[in-house]
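Shown next: work-v7.txt, containing compact mmCIF, C-alpha atoms and all ligand atoms.
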# COMPACT_ATOMS: atom_id res chain seq x y z
CA MET Z 14 23.63 11.36 9.67
CA GLU Z 15 24.21 14.56 11.64
CA GLN Z 16 25.22 16.43 8.50
CA LEU Z 17 22.05 15.64 6.53
CA ASP Z 18 19.44 18.31 5.90
CA LYS Z 19 16.87 16.52 8.06
CA GLU Z 20 13.90 18.54 6.81
CA LYS Z 21 14.68 17.27 3.29
CA SER Z 22 15.48 13.70 4.33
CA LEU Z 23 13.32 10.61 4.25
CA VAL Z 24 13.74 7.64 6.58
CA VAL Z 25 12.42 4.39 5.10
CA ILE Z 26 11.39 1.86 7.76
CA PRO Z 27 10.96 -1.65 6.25
CA LEU Z 28 8.31 -3.76 8.01
CA GLY Z 29 8.87 -7.52 7.93
CA ALA Z 30 7.15 -10.44 9.70
CA LEU Z 31 7.85 -13.88 11.15
CA GLU Z 32 5.01 -16.14 10.06
CA GLN Z 33 4.28 -19.38 8.29
CA HIS Z 34 4.37 -19.34 4.49
CA GLY Z 35 3.40 -22.94 3.76
CA ASN Z 36 5.57 -26.06 3.91
CA GLN Z 37 7.89 -24.85 1.19
CA ALA Z 38 8.92 -21.30 2.16
CA PRO Z 39 10.66 -20.03 5.33
CA LEU Z 40 9.07 -18.24 8.28
CA ILE Z 41 11.25 -15.21 7.51
CA THR Z 42 9.88 -14.85 3.94
CA ASP Z 43 8.54 -11.31 4.46
CA THR Z 44 11.67 -10.17 6.31
CA LEU Z 45 13.89 -11.60 3.53
CA ILE Z 46 11.78 -9.77 0.95
CA ALA Z 47 11.99 -6.55 3.01
CA SER Z 48 15.83 -6.77 3.13
CA GLU Z 49 16.05 -7.53 -0.59
CA MET Z 50 13.65 -4.71 -1.47
CA THR Z 51 15.71 -2.31 0.65
CA ARG Z 52 18.92 -3.38 -1.13
CA ARG Z 53 17.35 -3.03 -4.59
CA ILE Z 54 15.65 0.31 -3.89
CA SER Z 55 18.90 1.66 -2.49
CA ASN Z 56 20.77 0.55 -5.66
CA ILE Z 57 18.17 2.12 -7.95
CA LEU Z 58 18.37 5.39 -6.03
CA SER Z 59 22.19 5.50 -6.20
CA ASP Z 60 22.07 4.80 -9.95
CA LYS Z 61 19.70 7.75 -10.48
CA LYS Z 62 22.42 10.07 -9.13
CA ASP Z 63 19.56 12.34 -8.16
CA THR Z 64 20.82 14.80 -5.53
CA LEU Z 65 17.69 14.19 -3.45
CA ALA Z 66 18.25 10.40 -3.52
CA GLY Z 67 21.20 10.94 -1.18
CA ASN Z 68 18.73 12.11 1.44
CA VAL Z 69 17.12 8.68 1.83
CA LEU Z 70 18.08 6.65 4.91
CA PHE Z 71 17.07 3.03 5.50
CA PHE Z 72 16.20 1.90 9.00
CA PRO Z 73 16.98 -1.77 9.81
CA VAL Z 74 14.17 -4.18 8.85
CA ILE Z 75 11.77 -4.80 11.75
CA PRO Z 76 11.66 -8.62 11.66
CA ILE Z 77 8.39 -9.17 13.54
CA GLY Z 78 5.03 -7.54 12.85
CA TYR Z 79 1.33 -8.05 13.35
CA SER Z 80 0.64 -11.62 12.22
CA VAL Z 81 -2.23 -12.81 14.40
CA GLU Z 82 -3.89 -14.41 11.36
CA HIS Z 83 -1.03 -16.93 11.22
CA ALA Z 84 -0.70 -17.50 14.98
CA SER Z 85 -2.12 -21.03 14.97
CA PHE Z 86 0.66 -22.22 12.66
CA CYS Z 87 3.93 -23.32 14.23
CA GLY Z 88 6.70 -20.72 14.32
CA SER Z 89 4.54 -17.65 13.67
CA ILE Z 90 5.22 -14.88 16.16
CA THR Z 91 3.12 -11.74 16.38
CA PHE Z 92 3.20 -8.53 18.33
CA ARG Z 93 -0.15 -7.67 19.91
CA PRO Z 94 -1.79 -4.71 18.10
CA ASP Z 95 -0.95 -2.24 20.89
CA THR Z 96 2.65 -3.54 21.16
CA TYR Z 97 3.20 -3.15 17.42
CA TYR Z 98 1.60 0.29 17.44
CA HIS Z 99 4.04 1.42 20.15
CA VAL Z 100 7.08 -0.20 18.46
CA LEU Z 101 6.40 1.82 15.30
CA ALA Z 102 5.43 4.97 17.20
CA ASP Z 103 8.55 4.83 19.43
CA ILE Z 104 10.89 4.41 16.44
CA VAL Z 105 9.36 7.37 14.60
CA THR Z 106 9.29 9.46 17.80
CA GLY Z 107 12.98 8.70 18.42
CA LEU Z 108 13.97 9.65 14.87
CA ASN Z 109 11.83 12.78 15.13
CA SER Z 110 13.67 13.77 18.32
CA HIS Z 111 16.85 13.81 16.16
CA GLY Z 112 15.18 16.20 13.71
CA PHE Z 113 13.70 13.86 11.06
CA LYS Z 114 10.20 14.74 9.86
CA ASN Z 115 9.57 12.53 6.84
CA PHE Z 116 9.19 8.77 6.94
CA ALA Z 117 7.95 5.89 4.83
CA PHE Z 118 6.85 2.50 6.07
CA LEU Z 119 7.82 -0.10 3.45
CA ILE Z 120 5.08 -2.66 4.00
CA CYS Z 121 6.31 -6.17 3.19
CA HIS Z 122 3.51 -8.03 5.02
CA GLY Z 123 -0.08 -7.01 4.29
CA GLY Z 124 -1.19 -7.66 7.89
CA ASN Z 125 1.06 -4.81 9.09
CA ARG Z 126 -0.78 -2.26 7.02
CA ALA Z 127 -3.77 -1.59 9.30
CA ILE Z 128 -1.59 -0.63 12.28
CA ALA Z 129 0.97 1.22 10.14
CA GLU Z 130 -1.88 3.34 8.83
CA VAL Z 131 -3.22 4.17 12.31
CA VAL Z 132 0.29 5.12 13.55
CA SER Z 133 0.89 7.27 10.46
CA ARG Z 134 -2.29 9.25 10.89
CA GLN Z 135 -1.95 9.64 14.67
CA LEU Z 136 1.70 10.81 14.56
CA ARG Z 137 0.96 13.18 11.73
CA ARG Z 138 -1.50 14.84 14.10
CA ASP Z 139 0.61 14.52 17.29
CA LEU Z 140 4.13 15.25 15.99
CA GLY Z 141 3.47 17.00 12.68
CA VAL Z 142 5.51 14.32 10.86
CA LYS Z 143 4.59 12.78 7.51
CA ILE Z 144 4.69 9.00 7.22
CA TYR Z 145 4.10 7.68 3.72
CA LEU Z 146 3.05 4.07 3.10
CA ILE Z 147 4.80 2.08 0.38
CA THR Z 148 3.50 -1.40 -0.46
CA SER Z 149 6.35 -3.69 -1.42
CA GLY Z 150 4.72 -6.16 -3.82
CA ALA Z 151 3.69 -4.83 -7.22
CA PHE Z 152 1.22 -7.73 -7.31
CA SER Z 153 -1.33 -6.01 -9.50
CA SER Z 154 1.15 -4.96 -12.18
CA PRO Z 155 0.56 -6.77 -15.51
CA LYS Z 156 4.21 -7.97 -15.64
CA VAL Z 157 3.82 -9.61 -12.21
CA LYS Z 158 0.39 -11.07 -13.01
CA ALA Z 159 1.87 -12.60 -16.16
CA THR Z 160 4.25 -14.70 -14.01
CA LEU Z 161 1.35 -16.62 -12.42
CA SER Z 162 0.59 -20.14 -13.60
CA HIS Z 163 -2.77 -20.66 -15.31
CA GLY Z 164 -5.53 -21.22 -12.73
CA ASN Z 165 -3.54 -19.60 -9.91
CA GLU Z 166 -4.76 -16.03 -10.40
CA SER Z 167 -5.88 -15.55 -6.77
CA ASP Z 168 -2.39 -16.32 -5.42
CA PHE Z 169 -1.53 -13.97 -2.57
CA HIS Z 170 0.03 -15.36 0.63
CA GLY Z 171 2.74 -18.03 0.72
CA GLY Z 172 1.89 -18.98 -2.85
CA GLU Z 173 3.66 -18.79 -6.19
CA MET Z 174 4.61 -15.10 -6.01
CA GLU Z 175 6.15 -15.01 -2.53
CA THR Z 176 7.86 -18.40 -2.99
CA SER Z 177 9.33 -17.19 -6.29
CA MET Z 178 10.73 -14.08 -4.58
CA VAL Z 179 12.45 -16.19 -1.91
CA MET Z 180 13.89 -18.43 -4.66
CA ALA Z 181 15.32 -15.37 -6.40
CA ILE Z 182 17.00 -14.38 -3.12
CA ASP Z 183 18.21 -17.83 -2.00
CA GLU Z 184 16.90 -20.95 -3.70
CA SER Z 185 18.24 -23.20 -0.92
CA MET Z 186 15.60 -21.77 1.46
CA VAL Z 187 12.70 -23.26 -0.53
CA ASP Z 188 11.58 -26.91 -0.61
CA LEU Z 189 9.17 -26.90 -3.53
CA LYS Z 190 8.61 -30.68 -3.36
CA SER Z 191 6.77 -30.28 -0.04
CA CYS Z 192 4.33 -27.60 -1.23
CA LYS Z 193 0.55 -27.83 -1.30
CA ALA Z 194 -2.00 -25.38 -2.71
CA GLY Z 195 -4.37 -23.49 -0.39
CA HIS Z 196 -7.91 -22.37 -1.18
CA TYR Z 197 -10.34 -20.09 0.65
CA SER Z 198 -12.77 -22.45 2.40
CA LEU Z 199 -15.49 -20.10 3.69
CA GLY Z 200 -18.40 -18.67 1.70
CA SER Z 201 -19.83 -20.33 -1.36
CA ASP Z 202 -19.54 -19.96 -5.12
CA LYS Z 203 -22.94 -18.22 -5.25
CA GLY Z 204 -22.47 -15.91 -2.25
CA LYS Z 205 -20.56 -12.67 -1.84
CA LEU Z 206 -18.45 -13.70 1.17
CA ASN Z 207 -14.78 -13.69 0.28
CA PHE Z 208 -11.58 -12.75 2.09
CA PHE Z 209 -11.81 -9.32 0.46
CA GLY Z 210 -14.59 -7.45 -1.33
CA SER Z 211 -18.06 -6.19 -0.39
CA LEU Z 212 -18.70 -8.90 2.23
CA SER Z 213 -15.71 -10.19 4.10
CA LEU Z 214 -14.70 -11.70 7.40
CA PRO Z 215 -11.17 -10.71 8.48
CA TRP Z 216 -9.42 -13.92 7.57
CA MET Z 217 -7.35 -16.35 9.56
CA GLY Z 218 -4.77 -18.74 8.08
CA GLU Z 219 -7.00 -21.70 8.92
CA ASP Z 220 -9.70 -20.37 6.51
CA PHE Z 221 -7.36 -21.55 3.75
CA THR Z 222 -7.33 -25.32 3.28
CA ALA Z 223 -5.56 -27.92 1.18
CA GLU Z 224 -7.43 -30.32 -1.10
CA ASP Z 225 -8.05 -32.74 1.80
CA ASP Z 226 -9.69 -29.89 3.81
CA THR Z 227 -6.85 -29.60 6.33
CA PRO Z 228 -5.90 -26.00 7.21
CA ILE Z 229 -2.85 -24.96 5.20
CA GLY Z 230 -2.67 -21.22 5.87
CA ILE Z 231 -1.65 -20.16 2.37
CA GLY Z 232 -3.62 -18.67 -0.50
CA GLY Z 233 -2.46 -19.88 -3.88
CA ASN Z 234 -0.44 -22.68 -5.43
CA PRO Z 235 3.35 -22.43 -5.02
CA SER Z 236 4.15 -25.36 -7.33
CA GLY Z 237 4.93 -23.13 -10.35
CA ALA Z 238 7.34 -20.88 -8.41
CA SER Z 239 10.81 -20.18 -9.85
CA ALA Z 240 13.75 -17.88 -9.22
CA LYS Z 241 13.22 -16.36 -12.68
CA LYS Z 242 9.65 -15.34 -11.78
CA GLY Z 243 10.84 -14.02 -8.43
CA GLU Z 244 13.42 -11.86 -10.18
CA ILE Z 245 10.68 -10.27 -12.33
CA ILE Z 246 8.46 -9.63 -9.26
CA LEU Z 247 11.29 -8.15 -7.17
CA ASP Z 248 12.52 -6.03 -10.05
CA GLU Z 249 9.04 -4.66 -10.78
CA SER Z 250 8.28 -4.11 -7.07
CA ALA Z 251 11.59 -2.35 -6.34
CA ASN Z 252 11.19 -0.09 -9.38
CA GLU Z 253 7.66 0.86 -8.37
CA ALA Z 254 8.73 1.57 -4.78
CA ALA Z 255 11.82 3.54 -5.89
CA ASN Z 256 9.76 5.65 -8.30
CA GLY Z 257 7.32 6.34 -5.45
CA ILE Z 258 10.22 7.48 -3.24
CA ILE Z 259 11.65 9.70 -5.98
CA GLU Z 260 8.23 11.31 -6.41
CA LEU Z 261 7.67 11.88 -2.71
CA LEU Z 262 11.15 13.44 -2.31
CA THR Z 263 9.91 16.28 -4.49
CA TYR Z 264 7.19 17.03 -1.92
CA LEU Z 265 9.67 17.52 0.96
ZN ZN Z 301 4.44 -12.99 3.18

Using structure tokens, write down the structure that the file contains.
Ligand SMILES: [Zn+2]
Amino acid sequence: MEQLDKEKSLVVIPLGALEQHGNQAPLITDTLIASEMTRRISNILSDKKDTLAGNVLFFPVIPIGYSVEHASFCGSITFRPDTYYHVLADIVTGLNSHGFKNFAFLICHGGNRAIAEVVSRQLRRDLGVKIYLITSGAFSSPKVKATLSHGNESDFHGGEMETSMVMAIDESMVDLKSCKAGHYSLGSDKGKLNFFGSLSLPWMGEDFTAEDDTPIGIGGNPSGASAKKGEIILDESANEAANGIIELLTYL
């Protein structure tokens, strides 16, 4: 680590979470995905044999993030916004004190993004460091969209895509028989209110309900999940993230 050209190095900091992902998938889903993404990105970079790829370091996955939207479901643990801000800021400040100036947060839980963005902008101003943001799931890529079962196009949290990724990592951690689908319960078909878009209310897990109207906390239907689909999603996501890293190395 001491021998690296720190000005030309990039430290990737993977951001996980500990939060409910439905009956069928484990609390550590996002952290598992973060570890797997790190492993795959690292393999892709070593295969490229690009001289710059040797300048990428991976920080250990941070296993807890900002997950207040899942806090009313058993097992979910969240940092408060100011705690999480300072966790990320202290890690970057520590690495910067050793000479590193370029970082990337690998965002493996969407809820972490807002705070990661604030930290990135503030430390760019305060320390003169650059912190890039890499989103782990290539959920909008056509190959990933093609894995979704018919009628499950709005799948996003704890649904078919995330459950499939866990199955590709370790099938024994998923209990597909216990799964239920979750739908957004606020707004109306005619109105604009949705959990994203031009009129939104920052959502909470309880806004998503099962068919019997009980809060389920997931968006989507996991029943069509499979390890094969997860492999496609992880492969696509890791390639997209690795290509992003290769591009940003040229800016250092
Ligand atoms: Zn997740």

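Nearest to His83 of chain Z of all the residues Z:Ser201, Z:Ser22, Z:Asn68, Z:Gln33 is Z:Gln33, counting only C-alpha atoms.
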
Considering only C-alpha atoms, return as an mmCIF file with C-alpha atoms, in the coordinates of the input whatever protein or nucleic-acid residues lie within 9 Å of Ala47 of chain Z, sequence-local ones (same chain, fewer than 2 positions apart) excluded.
data_model
loop_
_atom_site.group_PDB
_atom_site.id
_atom_site.type_symbol
_atom_site.label_atom_id
_atom_site.label_comp_id
_atom_site.auth_asym_id
_atom_site.auth_seq_id
_atom_site.Cartn_x
_atom_site.Cartn_y
_atom_site.Cartn_z
ATOM 1 C CA PRO Z 27 10.960 -1.650 6.250
ATOM 2 C CA LEU Z 28 8.310 -3.760 8.010
ATOM 3 C CA GLY Z 29 8.870 -7.520 7.930
ATOM 4 C CA THR Z 42 9.880 -14.850 3.940
ATOM 5 C CA ASP Z 43 8.540 -11.310 4.460
ATOM 6 C CA THR Z 44 11.670 -10.170 6.310
ATOM 7 C CA LEU Z 45 13.890 -11.600 3.530
ATOM 8 C CA GLU Z 49 16.050 -7.530 -0.590
ATOM 9 C CA MET Z 50 13.650 -4.710 -1.470
ATOM 10 C CA THR Z 51 15.710 -2.310 0.650
ATOM 11 C CA ARG Z 52 18.920 -3.380 -1.130
ATOM 12 C CA VAL Z 74 14.170 -4.180 8.850
ATOM 13 C CA ILE Z 75 11.770 -4.800 11.750
ATOM 14 C CA PRO Z 76 11.660 -8.620 11.660
ATOM 15 C CA LEU Z 119 7.820 -0.100 3.450
ATOM 16 C CA ILE Z 120 5.080 -2.660 4.000
ATOM 17 C CA CYS Z 121 6.310 -6.170 3.190
ATOM 18 C CA HIS Z 122 3.510 -8.030 5.020
ATOM 19 C CA SER Z 149 6.350 -3.690 -1.420
#

**OP:** Go through Z:Ala159, Z:Val142, Z:Thr64, Z:Gln37 one by one, measure the shortest atom-to-atom distance of each to Thr263 of chain Z using all atoms listed in the file, and give the residue with the smallest value.
**Re:**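 That would be Z:Thr64, the residue with the smallest distance to Thr263 of chain Z.
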
Subject >> Within 12 Å of ligand ZN 301 (chain Z), counting all atoms listed in the file, residues as a PyMOL selection string >> reply: chain Z and resi 28-35+38-47+76-80+82-83+89+120-125+149-150+168-179+218+230-232

**OP:** For Gly200 of chain Z, please output as number ranges by chain all residues within 10 Å (counting only C-alpha atoms; exclusion window: fewer than 4 positions along the same chain).
**Re:** Z: 204-208, 212-214

Subject >> Nearest to Ala254 of chain Z by atom-to-atom distance, counting all atoms listed in the file, from Z:Met186, Z:Ser85, Z:Ala117, Z:Pro94 >> reply: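 Looking only at the distances to Ala254 of chain Z, the closest residue turns out to be Z:Ala117.
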
Original post:
Please, what distance in Å, to one decimal, runs between atom CA of Glu224 of chain Z and atom CA of Ser185 of chain Z?
Top reply: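 These two atoms are separated by 26.6 Å.
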
Original post:
Could you state the separation of atom CA of Lys19 of chain Z and atom CA of Arg53 of chain Z in Å, given to one decimal place?
Top reply: 23.3 Å

Original post:
Near Leu161 of chain Z, within 12 Å and counting only C-alpha atoms, which residues show up once chain neighbours fewer than 3 positions away are dropped, as a PyMOL selection string?
Top reply: chain Z and resi 152-158+164-169+172-177+233-239+241-243+245-246

Original post:
Do you have the atom CA of Ile147 of chain Z-atom CA of Phe118 of chain Z distance handy?
Top reply: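 Straight-line distance from atom CA of Ile147 of chain Z to atom CA of Phe118 of chain Z works out to 6.1 Å.
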
**OP:** Give the answer as one residue: which of Z:Met217, Z:Ala127, Z:Ala240, Z:Cys192 has the shortest atom-to-atom distance to Met180 of chain Z, using only C-alpha atoms?
**Re:**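 Looking at the shortest contact to Met180 of chain Z, the residue is Z:Ala240.
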
Subject >> Residue neighbourhood Pro228 of chain Z, 9 Å, all atoms listed in the file, exclusion window fewer than 5 positions, as number ranges by chain >> reply: Z: 195, 218-223

Original post:
With all atoms listed in the file as the atoms that count, which of Z:Tyr98, Z:Phe86, Z:Phe113, Z:Tyr264 lies nearest to Leu70 of chain Z?
Top reply: Z:Phe113

Subject >> Near-Phe116 of chain Z list (6 Å; all atoms listed in the file; drop same-chain fewer than 3 positions) as a PyMOL selection string >> reply: chain Z and resi 23-25+144
